[in-house]
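What follows is protein.cif (mmCIF, C-alpha atoms).
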```
data_structure
loop_
_atom_site.label_atom_id
_atom_site.label_comp_id
_atom_site.auth_asym_id
_atom_site.auth_seq_id
_atom_site.Cartn_x
_atom_site.Cartn_y
_atom_site.Cartn_z
CA MET A 4 49.18 -2.68 -19.15
CA SER A 5 46.04 -4.85 -19.32
CA GLY A 6 45.22 -7.71 -17.01
CA LEU A 7 45.46 -8.23 -13.26
CA GLN A 8 48.75 -8.38 -11.36
CA ILE A 9 48.92 -9.59 -7.76
CA ASP A 10 52.34 -8.48 -6.60
CA ARG A 11 53.97 -9.93 -3.44
CA LEU A 12 50.74 -9.69 -1.48
CA SER A 13 50.79 -10.28 2.28
CA MET A 14 48.04 -9.84 4.86
CA ARG A 15 48.40 -9.87 8.63
CA PHE A 16 45.49 -9.49 11.04
CA ASP A 17 46.42 -8.00 14.42
CA LEU A 18 44.30 -9.37 17.28
CA PRO A 19 43.05 -7.54 20.40
CA ASN A 20 45.26 -9.70 22.68
CA GLY A 21 48.41 -8.43 20.95
CA SER A 22 49.03 -11.51 18.82
CA SER A 23 48.57 -11.63 15.04
CA VAL A 24 47.55 -14.01 12.26
CA GLN A 25 49.47 -14.09 8.99
CA ALA A 26 46.68 -14.89 6.52
CA LEU A 27 48.70 -14.41 3.30
CA LYS A 28 52.41 -14.18 2.56
CA ASP A 29 54.14 -13.14 -0.68
CA VAL A 30 51.36 -14.15 -3.08
CA SER A 31 52.16 -13.16 -6.67
CA LEU A 32 50.08 -13.93 -9.75
CA ASP A 33 49.71 -12.46 -13.22
CA LEU A 34 46.33 -12.89 -14.92
CA LYS A 35 45.82 -11.91 -18.53
CA ALA A 36 42.53 -10.27 -19.50
CA GLY A 37 39.92 -12.95 -20.17
CA GLU A 38 41.50 -15.75 -18.12
CA LEU A 39 39.43 -17.90 -15.77
CA LEU A 40 41.19 -18.77 -12.51
CA SER A 41 39.87 -21.16 -9.87
CA VAL A 42 41.34 -21.15 -6.36
CA LEU A 43 41.41 -24.17 -4.06
CA GLY A 44 42.92 -24.91 -0.68
CA PRO A 45 42.18 -26.17 2.83
CA SER A 46 40.07 -24.12 5.22
CA GLY A 47 41.90 -21.08 6.56
CA CYS A 48 44.42 -20.79 3.73
CA GLY A 49 43.38 -17.23 2.85
CA LYS A 50 41.27 -17.81 -0.29
CA THR A 51 38.51 -15.39 0.65
CA THR A 52 40.99 -12.90 2.11
CA LEU A 53 42.76 -12.85 -1.24
CA LEU A 54 39.48 -12.27 -3.07
CA ASN A 55 38.46 -9.48 -0.70
CA ILE A 56 41.78 -7.70 -1.28
CA VAL A 57 41.34 -7.94 -5.05
CA ALA A 58 37.80 -6.59 -4.61
CA GLY A 59 39.18 -3.66 -2.61
CA PHE A 60 37.31 -4.56 0.57
CA LEU A 61 40.60 -5.07 2.47
CA ALA A 62 43.90 -3.22 2.24
CA PRO A 63 46.89 -5.60 2.24
CA THR A 64 49.67 -5.34 4.83
CA ASP A 65 52.26 -5.54 2.03
CA GLY A 66 52.23 -5.75 -1.74
CA GLN A 67 49.70 -4.46 -4.22
CA ILE A 68 47.00 -5.30 -6.74
CA VAL A 69 47.31 -3.68 -10.17
CA LEU A 70 44.46 -3.82 -12.69
CA ASN A 71 44.93 -2.51 -16.21
CA GLY A 72 47.96 -0.51 -15.14
CA HIS A 73 46.57 1.20 -12.03
CA GLN A 74 46.74 0.20 -8.38
CA VAL A 75 43.61 -1.07 -6.64
CA THR A 76 42.93 1.03 -3.54
CA GLY A 77 39.27 0.27 -2.85
CA PRO A 78 36.01 -1.09 -4.30
CA ASP A 79 35.21 -0.07 -7.87
CA ALA A 80 32.72 -1.01 -10.59
CA GLU A 81 35.59 -2.45 -12.66
CA ARG A 82 35.55 -5.40 -10.24
CA GLY A 83 32.23 -7.17 -9.70
CA MET A 84 31.54 -9.61 -6.85
CA VAL A 85 29.21 -12.62 -6.78
CA PHE A 86 28.78 -14.03 -3.27
CA GLN A 87 27.69 -17.49 -2.08
CA GLN A 88 24.32 -16.00 -1.23
CA GLY A 89 23.20 -13.63 -3.96
CA ALA A 90 23.18 -10.50 -1.72
CA LEU A 91 20.20 -9.30 -3.75
CA PHE A 92 17.55 -6.73 -2.85
CA GLU A 93 14.71 -9.07 -1.98
CA TRP A 94 12.03 -6.36 -2.07
CA MET A 95 12.91 -5.53 -5.69
CA SER A 96 11.95 -7.40 -8.82
CA VAL A 97 14.45 -9.37 -10.87
CA ARG A 98 14.50 -6.58 -13.46
CA GLU A 99 15.09 -3.90 -10.82
CA ASN A 100 17.94 -5.90 -9.25
CA VAL A 101 19.75 -6.34 -12.57
CA GLY A 102 19.22 -2.69 -13.46
CA PHE A 103 20.37 -1.33 -10.10
CA GLY A 104 23.97 -0.61 -11.13
CA PRO A 105 23.09 1.16 -14.38
CA SER A 106 20.46 3.20 -12.47
CA MET A 107 23.10 4.32 -9.95
CA LYS A 108 25.27 5.43 -12.88
CA GLY A 109 22.43 7.57 -14.21
CA MET A 110 22.12 5.53 -17.41
CA PRO A 111 19.20 6.59 -19.65
CA LYS A 112 16.13 4.42 -19.12
CA ALA A 113 15.97 3.08 -22.69
CA GLU A 114 19.64 2.06 -22.66
CA LYS A 115 19.29 0.44 -19.23
CA SER A 116 16.21 -1.54 -20.33
CA LYS A 117 18.07 -2.82 -23.39
CA ILE A 118 21.01 -4.03 -21.27
CA VAL A 119 18.75 -5.62 -18.64
CA ASP A 120 16.63 -7.43 -21.23
CA HIS A 121 19.73 -8.75 -22.98
CA LEU A 122 21.25 -10.08 -19.74
CA LEU A 123 17.99 -11.68 -18.64
CA ASP A 124 17.90 -13.47 -21.99
CA VAL A 125 21.51 -14.61 -21.49
CA VAL A 126 20.82 -16.10 -18.03
CA GLY A 127 17.39 -17.48 -19.00
CA LEU A 128 15.24 -15.32 -16.74
CA GLN A 129 13.29 -13.14 -19.20
CA ASP A 130 10.01 -14.81 -18.17
CA PHE A 131 10.71 -14.03 -14.50
CA LYS A 132 11.76 -10.39 -14.77
CA GLU A 133 8.78 -9.01 -12.83
CA LYS A 134 9.04 -11.61 -10.06
CA ALA A 135 10.32 -10.61 -6.63
CA VAL A 136 13.64 -12.19 -5.70
CA TYR A 137 12.16 -14.08 -2.73
CA GLU A 138 9.87 -15.94 -5.16
CA LEU A 139 12.84 -17.52 -6.96
CA SER A 140 14.80 -20.71 -6.29
CA GLY A 141 18.42 -20.55 -5.14
CA GLY A 142 19.71 -21.29 -8.64
CA MET A 143 17.57 -18.55 -10.16
CA GLN A 144 18.75 -16.08 -7.54
CA GLN A 145 22.36 -16.80 -8.46
CA ARG A 146 21.46 -16.21 -12.12
CA VAL A 147 20.12 -12.81 -11.08
CA ALA A 148 23.35 -12.14 -9.14
CA LEU A 149 25.44 -12.96 -12.23
CA ALA A 150 23.29 -10.75 -14.46
CA ARG A 151 23.44 -7.88 -11.96
CA CYS A 152 27.23 -8.18 -11.82
CA LEU A 153 27.50 -8.16 -15.62
CA ALA A 154 25.19 -5.14 -15.89
CA ASN A 155 27.95 -3.02 -14.30
CA GLU A 156 30.33 -4.11 -17.10
CA PRO A 157 33.25 -5.03 -14.80
CA ASP A 158 36.61 -6.02 -16.19
CA VAL A 159 37.00 -8.70 -13.50
CA ILE A 160 34.31 -10.90 -11.93
CA LEU A 161 35.11 -12.25 -8.46
CA MET A 162 33.15 -15.29 -7.25
CA ASP A 163 33.25 -16.47 -3.65
CA GLU A 164 31.72 -19.97 -3.52
CA PRO A 165 28.85 -18.78 -5.75
CA LEU A 166 27.42 -22.26 -6.34
CA GLY A 167 28.16 -23.83 -2.96
CA ALA A 168 24.59 -23.69 -1.62
CA LEU A 169 22.94 -25.23 -4.70
CA ASP A 170 21.78 -28.81 -5.20
CA ALA A 171 23.91 -31.02 -7.46
CA LEU A 172 21.82 -30.72 -10.64
CA THR A 173 21.34 -26.94 -10.37
CA ARG A 174 25.03 -26.54 -9.58
CA GLU A 175 26.03 -28.39 -12.74
CA LYS A 176 23.71 -26.22 -14.83
CA MET A 177 25.16 -23.08 -13.25
CA GLN A 178 28.70 -24.30 -13.93
CA GLY A 179 27.75 -24.55 -17.60
CA LEU A 180 26.32 -21.02 -17.45
CA VAL A 181 29.53 -19.64 -15.90
CA LEU A 182 31.56 -21.16 -18.75
CA LYS A 183 29.12 -19.79 -21.33
CA LEU A 184 29.32 -16.27 -19.86
CA TRP A 185 33.11 -16.47 -19.62
CA LYS A 186 33.46 -17.39 -23.28
CA GLU A 187 30.83 -14.93 -24.57
CA THR A 188 31.87 -11.90 -22.49
CA GLY A 189 35.65 -12.36 -22.39
CA LYS A 190 35.68 -11.31 -18.73
CA THR A 191 38.49 -12.18 -16.36
CA ILE A 192 37.03 -14.42 -13.64
CA ILE A 193 38.45 -15.51 -10.28
CA LEU A 194 36.44 -18.28 -8.63
CA ILE A 195 36.88 -19.48 -5.05
CA THR A 196 35.53 -22.98 -4.41
CA HIS A 197 35.93 -25.90 -2.00
CA SER A 198 34.97 -28.39 -4.71
CA VAL A 199 37.94 -29.95 -6.52
CA GLU A 200 35.72 -31.09 -9.39
CA GLU A 201 34.28 -27.59 -9.80
CA ALA A 202 37.74 -26.03 -9.74
CA LEU A 203 38.87 -28.44 -12.47
CA LEU A 204 35.79 -27.84 -14.61
CA LEU A 205 35.85 -24.05 -14.37
CA GLY A 206 39.54 -23.25 -14.03
CA GLU A 207 41.45 -22.54 -17.21
CA ARG A 208 44.11 -21.90 -14.58
CA LEU A 209 43.92 -23.42 -11.11
CA ILE A 210 45.96 -22.62 -8.03
CA VAL A 211 46.10 -24.70 -4.86
CA MET A 212 46.92 -22.60 -1.82
CA ALA A 213 48.93 -23.88 1.14
CA PRO A 214 47.68 -23.43 4.73
CA ARG A 215 48.49 -20.43 6.86
CA PRO A 216 50.31 -18.36 6.01
CA GLY A 217 48.40 -18.61 2.74
CA ARG A 218 50.59 -18.88 -0.34
CA ILE A 219 50.49 -20.50 -3.75
CA HIS A 220 51.50 -24.14 -3.44
CA THR A 221 50.87 -25.45 -6.97
CA GLU A 222 49.49 -24.04 -10.21
CA TYR A 223 47.87 -25.93 -13.09
CA ARG A 224 46.93 -24.92 -16.62
CA LEU A 225 44.02 -27.08 -17.67
CA PRO A 226 41.98 -27.82 -20.84
CA PHE A 227 38.68 -28.68 -19.14
CA ALA A 228 37.07 -25.21 -19.06
CA GLU A 229 37.58 -24.85 -22.80
CA MET A 230 36.30 -28.39 -23.33
CA GLY A 231 33.23 -27.66 -21.22
CA VAL A 232 32.03 -24.73 -23.33
CA GLY A 233 29.01 -26.11 -25.18
CA GLN A 234 29.70 -29.69 -24.04
CA ASP A 235 28.05 -31.88 -21.41
CA LEU A 236 30.16 -31.40 -18.29
CA ARG A 237 29.64 -35.04 -17.33
CA ASP A 238 31.49 -36.02 -20.52
CA VAL A 239 34.36 -33.71 -19.55
CA LYS A 240 34.60 -35.45 -16.17
CA LYS A 241 35.11 -38.78 -17.96
CA HIS A 242 38.37 -37.56 -19.51
CA PRO A 243 41.28 -39.66 -18.14
CA LYS A 244 43.34 -36.55 -17.35
CA PHE A 245 40.46 -35.12 -15.31
CA ALA A 246 40.45 -38.07 -12.91
CA GLU A 247 44.25 -38.04 -12.70
CA VAL A 248 44.50 -34.36 -11.73
CA ARG A 249 41.51 -34.62 -9.39
CA GLU A 250 43.14 -37.41 -7.40
CA GLU A 251 46.46 -35.57 -7.31
CA ILE A 252 44.84 -32.41 -5.91
CA LEU A 253 42.65 -34.31 -3.45
CA GLY A 254 45.76 -36.01 -2.06
CA MET A 255 47.56 -32.68 -1.86
CA ILE A 256 44.74 -31.01 0.09
CA TRP A 257 44.26 -34.06 2.30
CA ASP A 258 47.94 -33.91 3.29
CA MET A 259 47.57 -30.19 4.09
CA GLU A 260 44.51 -30.84 6.25
CA GLU A 261 46.42 -33.57 8.11
CA GLU A 262 49.26 -31.11 8.69
CA ILE A 263 46.81 -28.52 10.06
CA MET A 264 45.24 -31.09 12.40
CA GLY A 265 48.69 -32.10 13.60
CA ARG A 266 49.54 -28.49 14.47
CA THR A 267 46.25 -28.13 16.35
CA GLU A 268 46.89 -31.24 18.44
CA GLU A 269 50.43 -30.08 19.28
CA ALA A 270 49.09 -26.70 20.42
#
```

Using structure tokens, write down the structure that the file contains.
Amino acid sequence: MSGLQIDRLSMRFDLPNGSSVQALKDVSLDLKAGELLSVLGPSGCGKTTLLNIVAGFLAPTDGQIVLNGHQVTGPDAERGMVFQQGALFEWMSVRENVGFGPSMKGMPKAEKSKIVDHLLDVVGLQDFKEKAVYELSGGMQQRVALARCLANEPDVILMDEPLGALDALTREKMQGLVLKLWKETGKTIILITHSVEEALLLGERLIVMAPRPGRIHTEYRLPFAEMGVGQDLRDVKKHPKFAEVREEILGMIWDMEEEIMGRTEEA
């Protein structure tokens, strides 16, 4: 069975003082291969915990993750991760960073070079391939991180606030690149973001998570990611439906944040 199934996932963290925190509770989701999902929610709702479980970095307390018919039990090259900070090898060149995964697999040099050159063309960094990572801007470093992830040919790309540290103009350009890569590669993508606009632009599907214990509050199926492929994203934002859904989600998250603050004051 192809695609990604998140089946009744729960995660509890036991604390040294004997208490515990229920980060996720009964989260279920079925993603078809090639879908792009964005995940929103107030701070502390378990977004990153969910992503780390899908990545295999954490083992859930209950439930399971199934990818292409087999259970996820740990990290694997079939799931690639792009972090908020690129997590690149700064002492290596751009080319060496992108080719790191294929090198670890023992891929022949000629084949690796072909893949690396193609991906550097795709992300617009061919002219910078011999540069060290520390010589690049933040936006360029995230392009390297995307290319390095794609070089491992994962079935699923997991993104944890990958554009959060970028300036507004660079962020918009990178959003366009994410949509381009999604459409051209057919990869399944799960994107965590705190930006409602970004979630709307990049989420073919969008889930809003409720505060602790984290669970799916509302799900949307949206046209904006498809509209944004090859189109100016600022034009997409002008769509009447875009503003309507944005305000609805902002109000939803605002109410959740107010609820969290109320609990804190009562405690």

Expected residue set, 8 Å radius at (50.8, -17.7, -1.9), all atoms listed in the file, as a PyMOL selection string = chain A and resi 27-31+212-213+216-220

Taking the file above as input, evaluate the PyMOL selection byres ((chain A and resi 141) around 12) and report the hits as number ranges by chain.
-> A: 87-91, 136-140, 142-148, 165-170, 173-174, 177

Quick one: everything within 12 Å of A:Gly254, counting only C-alpha atoms, minus sequence neighbours fewer than 6 positions away in the same chain. Send it as a PyMOL selection string.
-> chain A and resi 44-45+199+211+247-248+260-261

Which polymer residues have any atom within 9 Å of an atom of A:Ser116, counting all atoms listed in the file, with same-chain residues fewer than 4 positions away left out, as a PyMOL selection string?
-> chain A and resi 98+102+111-112+120-121

Point out the residue among A:Phe60, A:Trp185, A:Phe227, A:Phe92 with the least atom-to-atom distance to A:His242, counting all atoms listed in the file.
->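 Nearest to A:His242: A:Phe227.
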
Report as a list in words the full result of the PyMOL selection byres ((chain A and resi 16) around 12) when it is applied to this structure.
->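 Against this file, the PyMOL selection byres ((chain A and resi 16) around 12) returns the residues Ser13, Met14, Arg15, Asp17, Leu18, Pro19, Asn20, Gly21, Ser22, Ser23, Val24, Gln25, Ala26, Leu27, Lys28, Gly49, Thr52, Leu61, Ala62, Pro63, Thr64, Asp65 and Pro216 of chain A.
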
Please produce an output containing C-alpha atoms for each residue in the selection, written as a PDB file, in the frame of the given file.
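Now in again_10.pdb:
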```
ATOM      1  CA  SER A  13      50.790 -10.280   2.280  1.00  0.00           C
ATOM      2  CA  MET A  14      48.040  -9.840   4.860  1.00  0.00           C
ATOM      3  CA  ARG A  15      48.400  -9.870   8.630  1.00  0.00           C
ATOM      4  CA  ASP A  17      46.420  -8.000  14.420  1.00  0.00           C
ATOM      5  CA  LEU A  18      44.300  -9.370  17.280  1.00  0.00           C
ATOM      6  CA  PRO A  19      43.050  -7.540  20.400  1.00  0.00           C
ATOM      7  CA  ASN A  20      45.260  -9.700  22.680  1.00  0.00           C
ATOM      8  CA  GLY A  21      48.410  -8.430  20.950  1.00  0.00           C
ATOM      9  CA  SER A  22      49.030 -11.510  18.820  1.00  0.00           C
ATOM     10  CA  SER A  23      48.570 -11.630  15.040  1.00  0.00           C
ATOM     11  CA  VAL A  24      47.550 -14.010  12.260  1.00  0.00           C
ATOM     12  CA  GLN A  25      49.470 -14.090   8.990  1.00  0.00           C
ATOM     13  CA  ALA A  26      46.680 -14.890   6.520  1.00  0.00           C
ATOM     14  CA  LEU A  27      48.700 -14.410   3.300  1.00  0.00           C
ATOM     15  CA  LYS A  28      52.410 -14.180   2.560  1.00  0.00           C
ATOM     16  CA  GLY A  49      43.380 -17.230   2.850  1.00  0.00           C
ATOM     17  CA  THR A  52      40.990 -12.900   2.110  1.00  0.00           C
ATOM     18  CA  LEU A  61      40.600  -5.070   2.470  1.00  0.00           C
ATOM     19  CA  ALA A  62      43.900  -3.220   2.240  1.00  0.00           C
ATOM     20  CA  PRO A  63      46.890  -5.600   2.240  1.00  0.00           C
ATOM     21  CA  THR A  64      49.670  -5.340   4.830  1.00  0.00           C
ATOM     22  CA  ASP A  65      52.260  -5.540   2.030  1.00  0.00           C
ATOM     23  CA  PRO A 216      50.310 -18.360   6.010  1.00  0.00           C
TER      24      PRO A 216
END
```

Contact residues around A:Asn71 with all atoms listed in the file at 12 Å, ignoring same-chain residues under 4 positions, as a ChimeraX atom specification = /A:4-9,33-36,75,81-82,158-159,191

For atom CA of A:Lys190 and atom CA of A:Leu70, the interatomic separation in Å (one decimal) |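 Separation of atom CA of A:Lys190 and atom CA of A:Leu70: 13.0 Å.
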
In Å, how far is it from atom CA of A:Leu161 to atom CA of A:Asp258?
->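 Spanning atom CA of A:Leu161 to atom CA of A:Asp258 is a straight-line distance of 27.8 Å.
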
By how many Å are atom CA of A:Arg208 and atom CA of A:Val42 apart?
->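 Computing the Euclidean distance for atom CA of A:Arg208 and atom CA of A:Val42 yields 8.7 Å.
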
Expected selection from the PyMOL selection byres ((chain A and resi 126) around 9), given as a PyMOL selection string = chain A and resi 121-125+127-129+143+146-147+149-150+180+184
